[in-house]
Amino acid sequence: MKVSRDFKNVSDEDLVKDIVSSNDTLLFEILYDRYAKVVYNKCVGFSKSDDEAEDLTQDIFLKLFVKLSTFKGKSKFSTWLYAFTYNHCVNYVNRNNNKKIEKKAVEATNLEDTYYNEEDDTSSFSQLKVDKLKVALEQITPEEKMILLLKYQDLMSIKELMGILNIGESAVKMRLKRAKEKLINVYITSENER
């Protein structure tokens with residue numbers, strides 16, 4: 001394993017360049033070792049079991065090896081990998097009919113006239129109880145879940161979300177606002193049913 005010692009302190013971006021140029025699976029193992037646990041933890045949120053999360057993780061890294069040359073370095077590799085992981089998981093959930101979430105109607109009166117305010121995040125959103133929040137997260141769409149997890153679990157900035165989702169700042173803010181309102185609505189509805 002001389003390779004791993006030589007590349008241990010190499011940046012992700014440089015490692016990716018070396019992997020793409022050499023197609024060396026030993027170098028890819030270094031990248032895998034750096035990120036397998038992180039990717040697995042992201043997959044857990046989209047799966048129903050540890051085995052399913054492990055399968056998703058393996059699928060992501062297989063797909064990643066093939067698609068690694070598409071990384072252009074416009075963002076940090078870790079940010080790109082998170083987006084890659086979330087997109088794969090969202091596609092997995094959408095493809096699998098057994099995983100589709102029943103969509104509930106949300107009263108969206110004048111949503112177009114309201115905008116996301118980052119200062120309001122801690123008020124109603126952080127007060128949700130964790131166990132009930134997990135249940136509510138399972139009842140919103142994978143896309144809504146993805147943007148909320150990227151923002152609140154991975155603590156990504158609006159700018160980073162713009163890069164990952166390839167949309168403008170106002171679109172990111174609107175999607176965050178709508179996803180947050182839907183999650184809170186689902187949460188409150190489930191609270192009232194108890």
# chains A, B, ... in the order shown; residues from 1 in each chain; ligands from 1
>>> closest_atom_pairs(of="stretch 143-186 of chain A", to="stretch 38-58 of chain A", cutoff="12 Å", atoms="only C-alpha atoms", output="Markdown table")
| residue | atom | partner | partner_atom | distance |
| --- | --- | --- | --- | --- |
| A:Glu143 | CA | A:Phe46 | CA | 11.1 |
| A:Lys145 | CA | A:Phe46 | CA | 9.0 |
| A:Met146 | CA | A:Phe46 | CA | 9.2 |
| A:Leu148 | CA | A:Gly45 | CA | 11.8 |
| A:Leu149 | CA | A:Lys42 | CA | 9.0 |
| A:Leu150 | CA | A:Lys42 | CA | 9.8 |
| A:Gln153 | CA | A:Lys42 | CA | 9.7 |
| A:Asp154 | CA | A:Lys42 | CA | 9.6 |
>>> residues_around(residues="A:Leu62", least_positions_apart="4", cutoff="12 Å", atoms="only C-alpha atoms", output="PyMOL selection string")
chain A and resi 25+28-29+32+36+55-58+66-68+85+88
>>> closest_residue(among="A:Ser11, A:Ser157, A:Asn23, A:Gln139", to="A:Lys76", atoms="only C-alpha atoms")
A:Ser11
>>> residues_around(residues="A:Ser69", least_positions_apart="4", cutoff="12 Å", atoms="only C-alpha atoms", output="list of chain:residue names")
A:Glu13, A:Leu15, A:Val16, A:Lys17, A:Asp18, A:Ile19, A:Val20, A:Ser21, A:Ser22, A:Asn23, A:Lys63, A:Leu64, A:Phe65, A:Gly73, A:Phe77
>>> write_last_selection(atoms="N, CA and C atoms", output="short mmCIF file (atom, residue, chain, number, x, y, z; two decimals), in the first residue's frame")
data_model
loop_
_atom_site.label_atom_id
_atom_site.label_comp_id
_atom_site.auth_asym_id
_atom_site.auth_seq_id
_atom_site.Cartn_x
_atom_site.Cartn_y
_atom_site.Cartn_z
N GLU A 13 -9.19 17.23 -4.52
CA GLU A 13 -9.22 17.68 -5.92
C GLU A 13 -8.03 17.13 -6.71
N LEU A 15 -6.30 14.46 -5.89
CA LEU A 15 -6.48 13.01 -5.94
C LEU A 15 -7.44 12.63 -7.07
N VAL A 16 -8.52 13.39 -7.21
CA VAL A 16 -9.48 13.13 -8.29
C VAL A 16 -8.79 13.26 -9.65
N LYS A 17 -7.99 14.30 -9.82
CA LYS A 17 -7.26 14.48 -11.09
C LYS A 17 -6.37 13.27 -11.38
N ASP A 18 -5.67 12.79 -10.35
CA ASP A 18 -4.79 11.63 -10.53
C ASP A 18 -5.58 10.37 -10.86
N ILE A 19 -6.73 10.20 -10.22
CA ILE A 19 -7.57 9.03 -10.49
C ILE A 19 -8.09 9.07 -11.92
N VAL A 20 -8.57 10.25 -12.33
CA VAL A 20 -9.11 10.39 -13.69
C VAL A 20 -8.02 10.15 -14.74
N SER A 21 -6.83 10.68 -14.50
CA SER A 21 -5.76 10.54 -15.50
C SER A 21 -5.20 9.12 -15.55
N SER A 22 -5.16 8.42 -14.40
CA SER A 22 -4.55 7.09 -14.37
C SER A 22 -5.57 5.94 -14.34
N ASN A 23 -6.82 6.25 -13.97
CA ASN A 23 -7.86 5.22 -13.82
C ASN A 23 -7.43 4.16 -12.80
N LYS A 63 -20.91 4.24 -9.28
CA LYS A 63 -21.31 5.27 -10.23
C LYS A 63 -20.29 6.42 -10.22
N LEU A 64 -19.79 6.74 -9.04
CA LEU A 64 -18.80 7.81 -8.89
C LEU A 64 -17.54 7.50 -9.67
N PHE A 65 -17.06 6.27 -9.60
CA PHE A 65 -15.84 5.90 -10.31
C PHE A 65 -15.99 6.16 -11.81
N GLY A 73 -14.21 20.83 -10.73
CA GLY A 73 -13.51 21.64 -9.75
C GLY A 73 -14.11 23.01 -9.52
N PHE A 77 -14.56 19.23 -3.83
CA PHE A 77 -14.97 17.87 -4.17
C PHE A 77 -16.03 17.36 -3.19
#
>>> atom_distance(atom1="atom CA of A:Ala171", atom2="atom CA of A:Met156")
15.4 Å
>>> closest_residue(among="A:Tyr35, A:Leu81, A:Ile147, A:Leu137", to="A:Ser190", atoms="only C-alpha atoms")
A:Leu137
>>> closest_residue(among="A:Leu183, A:Lys177, A:Ile60, A:Lys74", to="A:Tyr86", atoms="only C-alpha atoms")
A:Ile60
>>> residues_around(residues="A:Lys132", least_positions_apart="4", cutoff="12 Å", atoms="only C-alpha atoms", output="list in words")
Gln127, Leu128, Ala136, Leu137, Glu138, Gln139, Leu183, Ile184, Val186, Tyr187, Ile188, Thr189, Ser190, Glu191 and Arg194 of chain A
>>> atom_distance(atom1="atom CA of A:Met162", atom2="atom CA of A:Asp33")
27.9 Å
